[in-house]
file upload_34.cif (mmCIF, C-alpha atoms)
data_work
#
loop_
_atom_site.group_PDB
_atom_site.id
_atom_site.type_symbol
_atom_site.label_atom_id
_atom_site.label_comp_id
_atom_site.auth_asym_id
_atom_site.auth_seq_id
_atom_site.Cartn_x
_atom_site.Cartn_y
_atom_site.Cartn_z
ATOM 1 C CA GLN A 23 10.897 3.120 16.918
ATOM 2 C CA VAL A 24 8.571 3.127 13.915
ATOM 3 C CA GLN A 25 7.915 -0.320 12.546
ATOM 4 C CA LEU A 26 5.828 -1.173 9.498
ATOM 5 C CA VAL A 27 5.347 -4.799 8.469
ATOM 6 C CA GLU A 28 3.622 -5.553 5.179
ATOM 7 C CA SER A 29 2.095 -8.876 4.189
ATOM 8 C CA GLY A 30 -0.335 -10.362 1.700
ATOM 9 C CA GLY A 31 1.612 -10.136 -1.525
ATOM 10 C CA GLY A 32 1.883 -12.994 -3.968
ATOM 11 C CA ARG A 33 1.574 -14.109 -7.550
ATOM 12 C CA VAL A 34 -1.762 -13.869 -9.334
ATOM 13 C CA GLN A 35 -3.025 -13.923 -12.877
ATOM 14 C CA SER A 36 -4.284 -10.836 -14.632
ATOM 15 C CA GLY A 37 -7.745 -9.996 -13.316
ATOM 16 C CA GLY A 38 -7.055 -11.509 -9.932
ATOM 17 C CA SER A 39 -7.209 -9.959 -6.485
ATOM 18 C CA LEU A 40 -4.990 -9.568 -3.449
ATOM 19 C CA ARG A 41 -5.359 -7.879 -0.089
ATOM 20 C CA LEU A 42 -2.275 -6.306 1.417
ATOM 21 C CA SER A 43 -1.943 -5.617 5.137
ATOM 22 C CA CYS A 44 0.442 -3.460 7.122
ATOM 23 C CA ALA A 45 0.933 -3.736 10.875
ATOM 24 C CA ALA A 46 2.162 -0.464 12.352
ATOM 25 C CA SER A 47 3.820 0.206 15.701
ATOM 26 C CA GLY A 48 6.092 2.714 17.403
ATOM 27 C CA PHE A 49 3.973 5.782 16.746
ATOM 28 C CA THR A 50 0.425 7.050 17.247
ATOM 29 C CA PHE A 51 -1.051 5.404 14.169
ATOM 30 C CA SER A 52 -4.516 6.917 14.534
ATOM 31 C CA THR A 53 -3.196 10.464 14.111
ATOM 32 C CA ILE A 54 -1.186 9.920 10.940
ATOM 33 C CA THR A 55 -2.171 9.953 7.266
ATOM 34 C CA MET A 56 -0.885 6.728 5.744
ATOM 35 C CA ASP A 57 -0.032 5.756 2.210
ATOM 36 C CA TRP A 58 0.760 2.805 0.017
ATOM 37 C CA VAL A 59 3.557 3.198 -2.490
ATOM 38 C CA ARG A 60 5.150 0.739 -4.902
ATOM 39 C CA GLU A 61 8.453 0.259 -6.629
ATOM 40 C CA VAL A 62 9.355 -1.863 -9.594
ATOM 41 C CA PRO A 63 12.566 -3.667 -8.595
ATOM 42 C CA GLY A 64 15.628 -2.205 -10.230
ATOM 43 C CA THR A 65 14.058 1.118 -11.155
ATOM 44 C CA GLY A 66 14.615 2.989 -7.902
ATOM 45 C CA ILE A 67 11.412 4.861 -8.617
ATOM 46 C CA GLU A 68 8.757 4.974 -5.929
ATOM 47 C CA GLU A 69 5.219 5.421 -7.228
ATOM 48 C CA TRP A 70 2.530 6.689 -4.904
ATOM 49 C CA VAL A 71 -0.533 4.435 -4.993
ATOM 50 C CA ALA A 72 -3.061 5.576 -2.400
ATOM 51 C CA SER A 73 -3.522 7.690 0.716
ATOM 52 C CA ILE A 74 -5.925 7.606 3.637
ATOM 53 C CA SER A 75 -6.444 10.305 6.253
ATOM 54 C CA SER A 76 -5.936 9.624 9.943
ATOM 55 C CA GLY A 77 -9.619 8.970 10.584
ATOM 56 C CA GLY A 78 -10.171 7.115 7.325
ATOM 57 C CA GLY A 79 -12.676 9.592 5.949
ATOM 58 C CA ALA A 80 -10.567 10.902 3.094
ATOM 59 C CA LYS A 81 -8.992 8.630 0.503
ATOM 60 C CA ARG A 82 -7.060 9.401 -2.653
ATOM 61 C CA TYR A 83 -5.804 7.157 -5.419
ATOM 62 C CA ALA A 84 -3.374 7.315 -8.282
ATOM 63 C CA ASP A 85 -5.168 7.392 -11.616
ATOM 64 C CA SER A 86 -3.540 4.093 -12.528
ATOM 65 C CA VAL A 87 -5.344 2.241 -9.726
ATOM 66 C CA LYS A 88 -8.532 4.259 -9.269
ATOM 67 C CA GLY A 89 -11.607 2.057 -9.354
ATOM 68 C CA ARG A 90 -9.566 -1.103 -8.795
ATOM 69 C CA PHE A 91 -7.799 -0.545 -5.458
ATOM 70 C CA THR A 92 -9.308 0.369 -2.089
ATOM 71 C CA ILE A 93 -7.305 1.659 0.853
ATOM 72 C CA SER A 94 -8.631 1.254 4.392
ATOM 73 C CA ARG A 95 -7.426 1.246 7.974
ATOM 74 C CA ASP A 96 -8.336 -0.100 11.397
ATOM 75 C CA ASN A 97 -7.068 2.369 13.985
ATOM 76 C CA ALA A 98 -8.073 0.099 16.875
ATOM 77 C CA LYS A 99 -5.638 -2.518 15.577
ATOM 78 C CA ASN A 100 -3.016 -0.201 14.043
ATOM 79 C CA MET A 101 -3.529 -1.816 10.659
ATOM 80 C CA LEU A 102 -3.492 -0.452 7.117
ATOM 81 C CA PHE A 103 -4.946 -2.363 4.158
ATOM 82 C CA LEU A 104 -4.971 -2.263 0.379
ATOM 83 C CA GLU A 105 -7.598 -4.278 -1.443
ATOM 84 C CA MET A 106 -6.488 -4.792 -5.046
ATOM 85 C CA ASN A 107 -8.921 -6.065 -7.661
ATOM 86 C CA ASN A 108 -8.687 -6.577 -11.410
ATOM 87 C CA LEU A 109 -4.930 -6.680 -11.154
ATOM 88 C CA LYS A 110 -2.879 -6.004 -14.273
ATOM 89 C CA PRO A 111 0.690 -6.997 -15.181
ATOM 90 C CA GLU A 112 1.716 -3.355 -14.798
ATOM 91 C CA ASP A 113 0.763 -3.581 -11.119
ATOM 92 C CA THR A 114 3.733 -5.887 -10.580
ATOM 93 C CA ALA A 115 5.964 -4.252 -7.972
ATOM 94 C CA ILE A 116 7.046 -4.305 -4.364
ATOM 95 C CA TYR A 117 4.372 -2.602 -2.296
ATOM 96 C CA TYR A 118 5.271 -0.597 0.780
ATOM 97 C CA CYS A 119 3.269 0.796 3.637
ATOM 98 C CA ALA A 120 4.405 4.413 3.958
ATOM 99 C CA LYS A 121 4.500 6.830 6.847
ATOM 100 C CA GLY A 122 5.380 10.204 5.394
ATOM 101 C CA PHE A 123 7.660 11.259 2.573
ATOM 102 C CA GLY A 124 11.090 12.824 2.495
ATOM 103 C CA ILE A 125 13.059 13.388 5.681
ATOM 104 C CA GLY A 126 11.720 11.257 8.507
ATOM 105 C CA ALA A 127 9.707 8.983 6.251
ATOM 106 C CA SER A 128 9.370 5.312 7.126
ATOM 107 C CA ARG A 129 8.753 2.225 5.017
ATOM 108 C CA GLY A 130 8.379 -1.430 5.809
ATOM 109 C CA GLN A 131 10.270 -4.227 4.138
ATOM 110 C CA GLY A 132 7.690 -4.416 1.384
ATOM 111 C CA THR A 133 5.641 -7.237 -0.063
ATOM 112 C CA GLN A 134 6.052 -8.451 -3.630
ATOM 113 C CA VAL A 135 3.068 -8.488 -5.949
ATOM 114 C CA THR A 136 3.486 -10.268 -9.275
ATOM 115 C CA VAL A 137 0.716 -10.279 -11.877
ATOM 116 C CA SER A 138 1.093 -12.568 -14.854
ATOM 117 C CA SER A 139 -0.750 -12.088 -18.115
#
call {"tool": "encode", "arguments": {"input": "upload_34.cif", "output": "structure tokens"}}
result
Amino acid sequence: QVQLVESGGGRVQSGGSLRLSCAASGFTFSTITMDWVREVPGTGIEEWVASISSGGGAKRYADSVKGRFTISRDNAKNMLFLEMNNLKPEDTAIYYCAKGFGIGASRGQGTQVTVSS
């Protein structure tokens, strides 16, 4: 079955950097557009952060992270990444590797990112 395992979260000060990783298995990773989403605990609201096409050639970002975050993937290793620079307190959330949206969507367990001011 689909398995997504995120790692790399942590606590940093405002202006700091983190690199999130997601190990994917159980599906043909190289053929699927992948996303990062985030959720502030307790809100129940999932915010889309970034998307990367199956081959990695097309990337899109939420306005709130554009210019600070970079999404990438390694299809040979079934890995998805999110490089986060100039982090702000409002970036504090649980970050999830996302395969799809709606019915049939999959998420990992998430990795907590906390940015202190």
call {"tool": "residues_near_point", "arguments": {"input": "upload_34.cif", "point": "(-5.5, -5.4, 2.5)", "cutoff": "6 Å", "atoms": "all atoms listed in the file", "output": "PyMOL selection string"}}
result
chain A and resi 41-43+103-105
call {"tool": "closest_residue", "arguments": {"input": "upload_34.cif", "among": "A:Arg33, A:Arg60, A:Lys121, A:Arg95", "to": "A:Val137", "atoms": "all atoms listed in the file"}}
result
A:Arg33
call {"tool": "residues_around", "arguments": {"input": "upload_34.cif", "residues": "A:Gly122", "least_positions_apart": "6", "cutoff": "9 Å", "atoms": "all atoms listed in the file", "output": "PyMOL selection string"}}
result
chain A and resi 54-57+128-129
call {"tool": "atom_distance", "arguments": {"input": "upload_34.cif", "atom1": "atom CA of A:Ser138", "atom2": "atom CA of A:Asp85"}}
result
21.2 Å
call {"tool": "atom_distance", "arguments": {"input": "upload_34.cif", "atom1": "atom CA of A:Ser36", "atom2": "atom CA of A:Thr136"}}
result
9.5 Å
call {"tool": "closest_residue", "arguments": {"input": "upload_34.cif", "among": "A:Val135, A:Ala45, A:Ile125, A:Ala115", "to": "A:Pro63", "atoms": "only C-alpha atoms"}}
result
A:Ala115
call {"tool": "resolve_selection", "arguments": {"input": "upload_34.cif", "expression": "the PyMOL selection byres ((chain A and resi 25) around 9)", "output": "list of chain:residue names"}}
result
A:Gln23, A:Val24, A:Leu26, A:Val27, A:Ala45, A:Ala46, A:Ser47, A:Gly48, A:Phe49, A:Ser128, A:Arg129, A:Gly130
call {"tool": "closest_residue", "arguments": {"input": "upload_34.cif", "among": "A:Leu109, A:Leu102, A:Ile116, A:Val34", "to": "A:Lys88", "atoms": "all atoms listed in the file"}}
result
A:Leu109
call {"tool": "closest_residue", "arguments": {"input": "upload_34.cif", "among": "A:Trp58, A:Phe123, A:Tyr83, A:Trp70", "to": "A:Glu28", "atoms": "all atoms listed in the file"}}
result
A:Trp58
call {"tool": "axis_aligned_box", "arguments": {"input": "upload_34.cif", "around": "stretch 59-77 of chain A", "padding_each_side": "4 Å", "output": "JSON"}}
result
{"center_x": 3.0, "center_y": 3.3, "center_z": -0.3, "size_x": 33.2, "size_y": 22.0, "size_z": 29.7}
call {"tool": "atom_distance", "arguments": {"input": "upload_34.cif", "atom1": "atom CA of A:Lys99", "atom2": "atom CA of A:Ser52"}}
result
9.6 Å
call {"tool": "closest_residue", "arguments": {"input": "upload_34.cif", "among": "A:Met106, A:Ala120, A:Ile67, A:Leu40", "to": "A:Val87", "atoms": "all atoms listed in the file"}}
result
A:Met106
call {"tool": "closest_residue", "arguments": {"input": "upload_34.cif", "among": "A:Ala80, A:Cys44, A:Val71, A:Val62", "to": "A:Pro111", "atoms": "all atoms listed in the file"}}
result
A:Val62
call {"tool": "decode", "arguments": {"input": "upload_34.cif", "residues": "stretch 71-93 of chain A", "atoms": "N, CA and C atoms", "output": "PDB file, in the first residue's frame"}}
result
ATOM      1  N   VAL A  71       1.153  23.892   0.062  1.00  0.00           N
ATOM      2  CA  VAL A  71       2.402  24.631   0.124  1.00  0.00           C
ATOM      3  C   VAL A  71       3.115  24.657  -1.225  1.00  0.00           C
ATOM      4  N   ALA A  72       3.285  23.476  -1.836  1.00  0.00           N
ATOM      5  CA  ALA A  72       4.044  23.415  -3.075  1.00  0.00           C
ATOM      6  C   ALA A  72       3.714  22.135  -3.819  1.00  0.00           C
ATOM      7  N   SER A  73       3.966  22.159  -5.139  1.00  0.00           N
ATOM      8  CA  SER A  73       3.680  21.019  -5.995  1.00  0.00           C
ATOM      9  C   SER A  73       4.822  20.842  -6.978  1.00  0.00           C
ATOM     10  N   ILE A  74       5.091  19.592  -7.329  1.00  0.00           N
ATOM     11  CA  ILE A  74       6.115  19.306  -8.330  1.00  0.00           C
ATOM     12  C   ILE A  74       5.586  18.224  -9.266  1.00  0.00           C
ATOM     13  N   SER A  75       5.779  18.423 -10.555  1.00  0.00           N
ATOM     14  CA  SER A  75       5.294  17.460 -11.542  1.00  0.00           C
ATOM     15  C   SER A  75       6.090  16.165 -11.464  1.00  0.00           C
ATOM     16  N   SER A  76       5.601  15.144 -12.143  1.00  0.00           N
ATOM     17  CA  SER A  76       6.208  13.819 -12.034  1.00  0.00           C
ATOM     18  C   SER A  76       7.684  13.820 -12.416  1.00  0.00           C
ATOM     19  N   GLY A  77       8.036  14.569 -13.445  1.00  0.00           N
ATOM     20  CA  GLY A  77       9.424  14.619 -13.883  1.00  0.00           C
ATOM     21  C   GLY A  77      10.252  15.696 -13.203  1.00  0.00           C
ATOM     22  N   GLY A  78       9.610  16.524 -12.413  1.00  0.00           N
ATOM     23  CA  GLY A  78      10.312  17.577 -11.686  1.00  0.00           C
ATOM     24  C   GLY A  78      10.455  18.886 -12.440  1.00  0.00           C
ATOM     25  N   GLY A  79       9.953  18.931 -13.678  1.00  0.00           N
ATOM     26  CA  GLY A  79      10.164  20.124 -14.478  1.00  0.00           C
ATOM     27  C   GLY A  79       9.242  21.284 -14.167  1.00  0.00           C
ATOM     28  N   ALA A  80       8.110  20.996 -13.557  1.00  0.00           N
ATOM     29  CA  ALA A  80       7.145  22.043 -13.244  1.00  0.00           C
ATOM     30  C   ALA A  80       6.943  22.114 -11.742  1.00  0.00           C
ATOM     31  N   LYS A  81       7.086  23.297 -11.195  1.00  0.00           N
ATOM     32  CA  LYS A  81       6.933  23.500  -9.752  1.00  0.00           C
ATOM     33  C   LYS A  81       6.005  24.703  -9.515  1.00  0.00           C
ATOM     34  N   ARG A  82       5.214  24.597  -8.495  1.00  0.00           N
ATOM     35  CA  ARG A  82       4.330  25.697  -8.115  1.00  0.00           C
ATOM     36  C   ARG A  82       4.400  25.885  -6.618  1.00  0.00           C
ATOM     37  N   TYR A  83       4.176  27.129  -6.188  1.00  0.00           N
ATOM     38  CA  TYR A  83       4.289  27.443  -4.766  1.00  0.00           C
ATOM     39  C   TYR A  83       3.129  28.334  -4.324  1.00  0.00           C
ATOM     40  N   ALA A  84       2.744  28.170  -3.084  1.00  0.00           N
ATOM     41  CA  ALA A  84       1.799  29.101  -2.491  1.00  0.00           C
ATOM     42  C   ALA A  84       2.478  30.458  -2.367  1.00  0.00           C
ATOM     43  N   ASP A  85       1.714  31.518  -2.501  1.00  0.00           N
ATOM     44  CA  ASP A  85       2.285  32.856  -2.412  1.00  0.00           C
ATOM     45  C   ASP A  85       3.007  33.070  -1.087  1.00  0.00           C
ATOM     46  N   SER A  86       2.525  32.433  -0.049  1.00  0.00           N
ATOM     47  CA  SER A  86       3.090  32.639   1.286  1.00  0.00           C
ATOM     48  C   SER A  86       4.506  32.085   1.428  1.00  0.00           C
ATOM     49  N   VAL A  87       4.906  31.185   0.532  1.00  0.00           N
ATOM     50  CA  VAL A  87       6.236  30.580   0.646  1.00  0.00           C
ATOM     51  C   VAL A  87       7.111  30.836  -0.573  1.00  0.00           C
ATOM     52  N   LYS A  88       6.552  31.449  -1.596  1.00  0.00           N
ATOM     53  CA  LYS A  88       7.292  31.676  -2.836  1.00  0.00           C
ATOM     54  C   LYS A  88       8.548  32.491  -2.567  1.00  0.00           C
ATOM     55  N   GLY A  89       9.655  32.026  -3.136  1.00  0.00           N
ATOM     56  CA  GLY A  89      10.930  32.706  -2.936  1.00  0.00           C
ATOM     57  C   GLY A  89      11.687  32.246  -1.707  1.00  0.00           C
ATOM     58  N   ARG A  90      11.025  31.504  -0.840  1.00  0.00           N
ATOM     59  CA  ARG A  90      11.678  31.003   0.381  1.00  0.00           C
ATOM     60  C   ARG A  90      11.787  29.483   0.405  1.00  0.00           C
ATOM     61  N   PHE A  91      10.821  28.800  -0.181  1.00  0.00           N
ATOM     62  CA  PHE A  91      10.793  27.334  -0.185  1.00  0.00           C
ATOM     63  C   PHE A  91      11.104  26.810  -1.584  1.00  0.00           C
ATOM     64  N   THR A  92      11.743  25.646  -1.633  1.00  0.00           N
ATOM     65  CA  THR A  92      12.029  24.979  -2.904  1.00  0.00           C
ATOM     66  C   THR A  92      11.657  23.510  -2.800  1.00  0.00           C
ATOM     67  N   ILE A  93      10.789  23.065  -3.694  1.00  0.00           N
ATOM     68  CA  ILE A  93      10.403  21.664  -3.739  1.00  0.00           C
ATOM     69  C   ILE A  93      11.262  20.953  -4.780  1.00  0.00           C
TER      70      ILE A  93
END
